[in-house]
>>> print(open('structure_12.csv').read())   # CSV, C-alpha atoms
chain,number,residue,atom,x,y,z
A,1,MET,CA,10.0,60.0,-112.9
A,2,PHE,CA,10.0,58.9,-109.2
A,3,VAL,CA,12.8,56.7,-107.8
A,4,CYS,CA,12.4,54.8,-104.5
A,5,ILE,CA,15.5,55.5,-102.4
A,6,PHE,CA,14.5,52.9,-99.8
A,7,PRO,CA,15.3,49.4,-100.8
A,8,ARG,CA,12.9,46.6,-100.1
A,9,ASP,CA,13.2,44.7,-96.8
A,10,ILE,CA,15.4,41.6,-97.1
A,11,ASP,CA,13.7,38.3,-96.7
A,12,PRO,CA,16.1,36.2,-94.6
A,13,ASP,CA,14.4,33.0,-95.7
A,14,THR,CA,15.5,33.6,-99.3
A,15,MET,CA,19.1,34.5,-98.6
A,16,LEU,CA,21.8,31.9,-99.6
A,17,ASP,CA,24.1,30.5,-97.0
A,18,LEU,CA,27.8,31.6,-97.1
A,19,GLU,CA,30.5,29.0,-97.8
A,20,LYS,CA,32.9,28.1,-95.0
A,21,SER,CA,35.7,30.3,-96.3
A,22,GLY,CA,33.4,33.2,-97.0
A,23,MET,CA,31.9,32.9,-93.5
A,24,ARG,CA,35.4,32.9,-92.0
A,25,ARG,CA,36.3,36.2,-93.8
A,26,PHE,CA,33.0,37.7,-92.8
A,27,MET,CA,33.6,36.9,-89.1
A,28,GLU,CA,37.2,38.2,-89.2
A,29,LYS,CA,36.0,41.5,-90.8
A,30,TYR,CA,33.0,42.3,-88.7
A,31,PHE,CA,33.2,40.1,-85.5
A,32,ASN,CA,36.9,39.4,-84.8
A,33,GLU,CA,36.4,38.2,-81.2
A,34,ILE,CA,33.8,35.7,-82.4
A,35,ALA,CA,36.0,34.5,-85.2
A,36,ASN,CA,38.6,33.4,-82.6
A,37,SER,CA,36.0,31.7,-80.4
A,38,SER,CA,34.8,28.1,-80.4
A,39,PRO,CA,32.4,26.8,-83.1
A,40,ALA,CA,29.8,26.3,-80.4
A,41,HIS,CA,30.0,29.9,-79.4
A,42,GLN,CA,30.0,31.0,-83.0
A,43,ARG,CA,26.8,29.0,-83.8
A,44,SER,CA,25.1,30.4,-80.7
A,45,PHE,CA,26.1,34.0,-81.6
A,46,PHE,CA,24.7,33.9,-85.1
A,47,LYS,CA,21.5,32.0,-84.1
A,48,TYR,CA,20.9,34.7,-81.5
A,49,LEU,CA,21.5,37.5,-84.0
A,50,TYR,CA,19.1,35.7,-86.5
A,51,GLN,CA,16.3,35.6,-83.9
A,52,GLN,CA,16.7,39.2,-83.0
A,53,PHE,CA,17.2,40.6,-86.5
A,54,LEU,CA,14.3,38.6,-87.9
A,55,SER,CA,12.0,40.1,-85.3
A,56,LEU,CA,13.6,43.5,-86.0
A,57,ALA,CA,13.1,43.2,-89.8
A,58,GLN,CA,9.5,42.1,-89.3
A,59,SER,CA,8.7,44.8,-86.7
A,60,THR,CA,6.0,47.2,-88.0
A,61,PHE,CA,7.8,50.1,-86.2
A,62,LEU,CA,11.0,49.5,-88.2
A,63,LYS,CA,9.9,48.4,-91.6
A,64,LYS,CA,11.3,50.3,-94.5
A,65,GLN,CA,8.0,51.9,-95.6
A,66,PHE,CA,7.8,53.5,-92.1
A,67,LEU,CA,11.0,55.4,-92.7
A,68,GLU,CA,9.3,57.8,-95.1
A,69,ALA,CA,6.9,58.9,-92.3
A,70,ASP,CA,9.6,59.0,-89.5
A,71,LYS,CA,13.1,59.8,-90.5
A,72,LYS,CA,14.4,59.0,-87.0
A,73,SER,CA,13.4,55.4,-87.4
A,74,MET,CA,16.7,54.8,-89.3
A,75,GLN,CA,18.6,56.1,-86.3
A,76,TRP,CA,16.7,53.8,-84.0
A,77,LYS,CA,17.3,50.9,-86.3
A,78,HIS,CA,21.1,51.6,-86.2
A,79,GLU,CA,21.2,52.0,-82.4
A,80,ILE,CA,19.1,48.8,-81.8
A,81,THR,CA,21.2,46.8,-84.3
A,82,LYS,CA,24.4,47.9,-82.5
A,83,SER,CA,22.9,47.0,-79.2
A,84,VAL,CA,21.7,43.6,-80.3
A,85,ILE,CA,25.3,42.7,-81.6
A,86,GLU,CA,26.7,43.8,-78.2
A,87,MET,CA,24.1,41.6,-76.4
A,88,ALA,CA,25.0,38.6,-78.6
A,89,ASN,CA,28.7,39.1,-77.7
A,90,ILE,CA,27.8,39.2,-74.0
A,91,LEU,CA,25.6,36.1,-74.1
A,92,CYS,CA,27.7,34.0,-76.4
A,93,TYR,CA,31.3,35.1,-75.7
A,94,HIS,CA,32.1,37.4,-72.8
A,95,GLN,CA,29.9,35.5,-70.4
A,96,TYR,CA,32.2,32.5,-70.8
A,97,ASN,CA,35.6,34.2,-71.3
A,98,HIS,CA,35.4,37.0,-68.7
A,99,ILE,CA,34.6,35.1,-65.5
A,100,LYS,CA,35.9,36.8,-62.4
A,101,LEU,CA,37.3,34.2,-59.9
A,102,ASN,CA,37.4,35.0,-56.2
A,103,VAL,CA,40.6,34.8,-54.1
A,104,GLU,CA,39.8,31.2,-52.9
A,105,GLU,CA,39.1,30.0,-56.4
A,106,ILE,CA,42.4,31.6,-57.7
A,107,GLU,CA,44.4,30.1,-54.8
A,108,GLN,CA,43.0,26.6,-55.3
A,109,LYS,CA,43.2,26.9,-59.1
A,110,ILE,CA,39.6,25.8,-59.6
A,111,GLU,CA,36.8,26.8,-61.9
A,112,SER,CA,34.3,29.4,-60.9
A,113,THR,CA,31.7,28.2,-58.3
A,114,GLY,CA,29.2,30.7,-59.8
A,115,GLU,CA,29.1,33.1,-56.9
A,116,GLU,CA,30.1,36.1,-59.0
A,117,GLU,CA,27.4,38.4,-60.2
A,118,PHE,CA,25.6,37.3,-63.4
A,119,TYR,CA,27.7,39.1,-66.1
A,120,LEU,CA,24.7,40.4,-68.1
A,121,CYS,CA,23.2,42.0,-64.9
A,122,GLU,CA,26.6,43.5,-64.0
A,123,LYS,CA,26.9,45.0,-67.5
A,124,TRP,CA,23.4,46.4,-67.2
A,125,HIS,CA,23.9,47.9,-63.7
A,126,ASN,CA,27.1,49.7,-64.7
A,127,SER,CA,26.3,50.7,-68.3
A,128,LYS,CA,26.0,54.4,-69.2
A,129,GLU,CA,24.2,53.6,-72.5
A,130,CYS,CA,20.8,52.1,-73.2
A,131,CYS,CA,20.7,48.4,-74.1
A,132,PHE,CA,17.9,47.4,-76.5
A,133,LEU,CA,16.1,44.0,-76.7
A,134,VAL,CA,14.0,43.2,-79.8
A,135,ASN,CA,10.9,41.6,-78.2
A,136,GLN,CA,10.0,38.3,-79.9
A,137,ASP,CA,6.4,39.4,-80.2
A,138,ARG,CA,7.7,41.3,-83.2
A,139,GLU,CA,5.7,44.4,-82.2
A,140,SER,CA,7.7,46.1,-79.5
A,141,ILE,CA,11.2,47.0,-78.1
A,142,SER,CA,12.5,46.8,-74.6
A,143,VAL,CA,15.2,49.2,-73.2
A,144,LEU,CA,17.5,48.3,-70.4
A,145,ILE,CA,18.8,51.4,-68.5
A,146,SER,CA,20.9,51.5,-65.4
A,147,ASN,CA,19.4,54.7,-64.0
A,148,LYS,CA,16.5,56.7,-65.5
A,149,LYS,CA,18.0,59.9,-64.1
A,150,LYS,CA,21.0,59.6,-66.3
A,151,VAL,CA,18.9,59.6,-69.5
A,152,SER,CA,17.8,62.9,-71.0
A,153,GLN,CA,14.2,63.8,-70.7
A,154,LYS,CA,14.1,64.2,-74.5
A,155,GLN,CA,15.2,60.6,-75.0
A,156,LEU,CA,12.7,59.4,-72.4
A,157,ASP,CA,9.9,61.2,-74.2
A,158,GLU,CA,11.0,59.5,-77.4
A,159,PHE,CA,10.9,56.1,-75.7
A,160,GLN,CA,7.4,56.8,-74.4
A,161,LYS,CA,6.2,58.1,-77.8
A,162,LEU,CA,7.5,55.0,-79.6
A,163,GLY,CA,6.0,52.7,-77.0
A,164,PHE,CA,9.3,51.2,-75.9
A,165,HIS,CA,9.2,49.3,-72.6
A,166,LEU,CA,11.7,50.6,-70.0
A,167,LEU,CA,13.5,48.4,-67.5
A,168,ASP,CA,15.1,50.8,-65.0
A,169,TRP,CA,17.5,48.9,-62.7
A,170,GLN,CA,18.0,51.7,-60.2
A,171,LYS,CA,14.3,52.3,-59.8
A,172,ASP,CA,13.7,48.6,-59.3
A,173,LEU,CA,16.4,48.5,-56.6
A,174,THR,CA,15.1,51.5,-54.8
A,175,GLU,CA,11.5,50.1,-54.8
A,176,ARG,CA,12.8,46.8,-53.4
A,177,GLU,CA,14.7,48.5,-50.6
A,178,LEU,CA,11.6,50.6,-49.7
A,179,ALA,CA,9.4,47.6,-49.8
A,180,LEU,CA,11.8,45.8,-47.5
A,181,GLN,CA,11.7,48.7,-45.0
A,182,VAL,CA,7.9,48.7,-45.0
A,183,LEU,CA,7.9,44.9,-44.6
A,184,ASN,CA,10.1,45.1,-41.6
A,185,ILE,CA,7.9,47.7,-39.9
A,186,VAL,CA,4.7,45.8,-40.7
A,187,CYS,CA,6.1,42.4,-39.6
A,188,PHE,CA,7.4,44.0,-36.4
A,189,ILE,CA,4.0,45.5,-35.5
A,190,SER,CA,1.6,42.8,-36.6
A,191,ASN,CA,3.6,39.8,-37.7
A,192,MET,CA,1.8,39.9,-41.1
A,193,LYS,CA,2.9,38.1,-44.3
A,194,GLU,CA,5.0,39.9,-46.8
A,195,PRO,CA,2.9,42.4,-48.8
A,196,GLU,CA,3.5,42.2,-52.6
A,197,SER,CA,2.2,44.3,-55.5
A,198,GLN,CA,0.4,41.6,-57.6
A,199,THR,CA,-0.4,44.4,-60.1
A,200,GLU,CA,3.2,45.2,-60.7
A,201,LYS,CA,4.1,41.5,-60.9
A,202,GLU,CA,1.4,40.9,-63.5
A,203,LYS,CA,2.6,43.9,-65.4
A,204,ARG,CA,6.1,42.5,-65.5
A,205,LEU,CA,4.9,39.1,-66.4
A,206,ARG,CA,3.0,40.5,-69.4
A,207,LEU,CA,6.2,42.3,-70.5
A,208,LEU,CA,8.1,39.0,-70.2
A,209,PHE,CA,5.5,37.4,-72.5
A,210,ARG,CA,6.3,40.1,-75.1
A,211,ILE,CA,10.1,39.7,-74.8
A,212,LEU,CA,10.0,35.9,-75.1
A,213,GLY,CA,7.2,35.9,-77.7
A,214,ILE,CA,4.8,33.7,-75.8
A,215,GLN,CA,1.7,33.2,-77.9
A,216,ASN,CA,-1.7,33.8,-76.3
A,217,GLN,CA,-3.8,31.3,-78.3
A,218,ARG,CA,-3.0,28.2,-76.3
A,219,ILE,CA,-3.7,26.6,-73.0
A,220,MET,CA,-1.4,25.6,-70.1
A,221,LYS,CA,0.0,22.1,-70.0
A,222,ASP,CA,-1.7,21.5,-66.6
A,223,CYS,CA,-5.1,22.3,-68.1
A,224,GLU,CA,-4.4,20.2,-71.2
A,225,GLU,CA,-3.4,17.1,-69.1
A,226,LYS,CA,-6.4,17.5,-66.8
A,227,LYS,CA,-8.7,18.2,-69.8
A,228,VAL,CA,-9.9,21.3,-68.1
A,229,GLU,CA,-11.7,23.7,-70.4
A,230,THR,CA,-11.0,27.4,-70.1
A,231,ALA,CA,-12.1,30.6,-71.9
A,232,GLU,CA,-8.9,32.4,-70.8
A,233,GLY,CA,-6.0,33.0,-73.1
A,234,LEU,CA,-2.6,31.5,-72.2
A,235,HIS,CA,-1.3,34.8,-70.8
A,236,ASP,CA,-4.1,35.1,-68.3
A,237,GLN,CA,-3.7,31.4,-67.3
A,238,ILE,CA,0.0,31.9,-66.6
A,239,VAL,CA,-0.6,35.1,-64.7
A,240,ASN,CA,-3.3,33.4,-62.5
A,241,LYS,CA,-1.0,30.5,-61.8
A,242,LEU,CA,2.1,32.5,-61.0
A,243,CYS,CA,0.3,35.1,-58.9
A,244,ASN,CA,-2.1,32.9,-57.0
A,245,ASP,CA,-0.2,29.6,-56.6
A,246,GLU,CA,0.8,29.0,-53.0
A,247,GLU,CA,4.4,28.3,-53.8
A,248,LEU,CA,5.0,30.4,-56.9
A,249,SER,CA,3.2,33.5,-55.8
A,250,ASN,CA,6.0,34.3,-53.3
A,251,TYR,CA,8.6,34.5,-56.1
A,252,VAL,CA,9.8,38.1,-56.4
A,253,LEU,CA,10.0,39.0,-60.1
A,254,THR,CA,12.8,41.6,-60.1
A,255,PHE,CA,14.3,43.0,-63.3
A,256,ASP,CA,17.5,41.0,-62.5
A,257,ASN,CA,15.5,37.8,-62.5
A,258,ILE,CA,13.7,38.8,-65.7
A,259,LEU,CA,17.1,39.3,-67.4
A,260,LYS,CA,18.3,35.9,-66.2
A,261,MET,CA,15.2,34.3,-67.6
A,262,ILE,CA,15.6,36.0,-70.9
A,263,ALA,CA,19.3,34.9,-71.1
A,264,ILE,CA,18.3,31.3,-70.3
A,265,PHE,CA,15.4,31.3,-72.8
A,266,MET,CA,17.5,32.8,-75.6
A,267,LYS,CA,20.3,30.2,-75.1
A,268,ILE,CA,17.8,27.4,-75.2
A,269,GLN,CA,16.3,28.9,-78.4
A,270,THR,CA,19.8,28.8,-80.0
A,271,ASN,CA,20.3,25.1,-78.8
A,272,THR,CA,23.0,26.2,-76.4
A,273,PRO,CA,23.3,24.0,-73.2
A,274,VAL,CA,22.7,26.0,-70.0
A,275,ILE,CA,24.3,25.3,-66.6
A,276,LEU,CA,23.1,27.3,-63.6
A,277,MET,CA,25.7,27.9,-60.9
A,278,GLY,CA,25.5,29.6,-57.6
A,279,GLU,CA,25.6,29.1,-53.9
A,280,THR,CA,22.9,27.1,-52.1
A,281,GLY,CA,19.7,29.1,-51.6
A,282,CYS,CA,20.5,31.8,-54.2
A,283,GLY,CA,17.2,31.0,-56.0
A,284,LYS,CA,18.2,28.8,-59.0
A,285,THR,CA,15.4,26.2,-58.5
A,286,SER,CA,12.7,28.8,-57.9
A,287,LEU,CA,13.8,30.7,-61.0
A,288,ILE,CA,13.6,27.6,-63.2
A,289,LYS,CA,10.2,26.6,-61.8
A,290,PHE,CA,8.9,30.1,-62.4
A,291,LEU,CA,10.3,30.2,-65.9
A,292,GLY,CA,9.0,26.7,-66.7
A,293,HIS,CA,5.4,27.8,-66.1
>>> encode(input="structure_12.csv", output="structure tokens")
Amino acid sequence: MFVCIFPRDIDPDTMLDLEKSGMRRFMEKYFNEIANSSPAHQRSFFKYLYQQFLSLAQSTFLKKQFLEADKKSMQWKHEITKSVIEMANILCYHQYNHIKLNVEEIEQKIESTGEEEFYLCEKWHNSKECCFLVNQDRESISVLISNKKKVSQKQLDEFQKLGFHLLDWQKDLTERELALQVLNIVCFISNMKEPESQTEKEKRLRLLFRILGIQNQRIMKDCEEKKVETAEGLHDQIVNKLCNDEELSNYVLTFDNILKMIAIFMKIQTNTPVILMGETGCGKTSLIKFLGH
């Protein structure tokens, strides 16, 4: 007689809602910080978890039947689950309750003017652990690491084998600094326009499509309004627009900017109001225009 030790995947659409008292006990037991936060933050927190866990449960890579073929899959599922919960805490709680005021703001007893570093980026830059994002395409996982050199080669090989997408902040920073040095030399010699790797930009755009779950079987709103027929998928249309448009092509798609776009998109998906703050000229308008397309 054979017994299946792997239970079936839970269908979230068939699960019953908890009553108010049961939900309160659940939060106090597993998410104590969230239990003491505002109802708006609680709603945002659990909506974000639902989106991420639904994609995780439906991911081919992490389905229960795959565990029989790859025993390490359970370990990855645990690590990703833990990371998703931490990310939800950052987006829906810490980001609002751990704002660092500068000296002037403290002296004048005023709210933050938004000049401090975006909390999620700060967390990513300084974290010694990998942070996982469940991409909304339900096919892949993204990994945020502060420095690739601090991750063991064995783990990097595992990421590559599993097809995880790496976002290495230190590598991105180094490449930007190098590009700036080259730009200064080129501009000094020939007064040329800023050189930009459109191939790298396109690669990052297509990763962003995966993370946000942008469907390819559609057409851009611009083409729809102008009744322009196109054989291209939506992804190619967006890439062409953002890489070739006179205004938008100059936007630098750093990993920091990608992370900000992800945070904004996820908050909108959870019906959470988003307010962008920052000093004049920091790139708020450009970021929103880019994300809007």
>>> closest_residue(input="structure_12.csv", among="A:Leu248, A:Ala88, A:Leu205, A:Met74", to="Lys47 of chain A", atoms="all atoms listed in the file")
A:Ala88
>>> residues_around(input="structure_12.csv", residues="Ser146 of chain A", least_positions_apart="5", cutoff="8 Å", atoms="all atoms listed in the file", output="list in words")
Trp124, His125, Asn126, Ser127, Lys128, Cys130, Asp168, Trp169 and Gln170 of chain A
>>> closest_residue(input="structure_12.csv", among="A:Gln215, A:Glu158, A:Asn271, A:Lys82", to="Tyr30 of chain A", atoms="all atoms listed in the file")
A:Lys82
>>> residues_around(input="structure_12.csv", residues="segment 288-291 of chain A", least_positions_apart="5", cutoff="12 Å", atoms="all atoms listed in the file", output="PyMOL selection string")
chain A and resi 205+208-209+212+214+238-239+241-243+245+247-253+257-265+274-276+283
>>> atom_distance(input="structure_12.csv", atom1="atom CA of Asp236 of chain A", atom2="atom CA of Gly213 of chain A")
14.7 Å
>>> closest_residue(input="structure_12.csv", among="A:Gln160, A:Ser83, A:Gln42, A:Asn147", to="Glu28 of chain A", atoms="only C-alpha atoms")
A:Gln42
>>> atom_distance(input="structure_12.csv", atom1="atom CA of Glu202 of chain A", atom2="atom CA of Cys282 of chain A")
23.1 Å
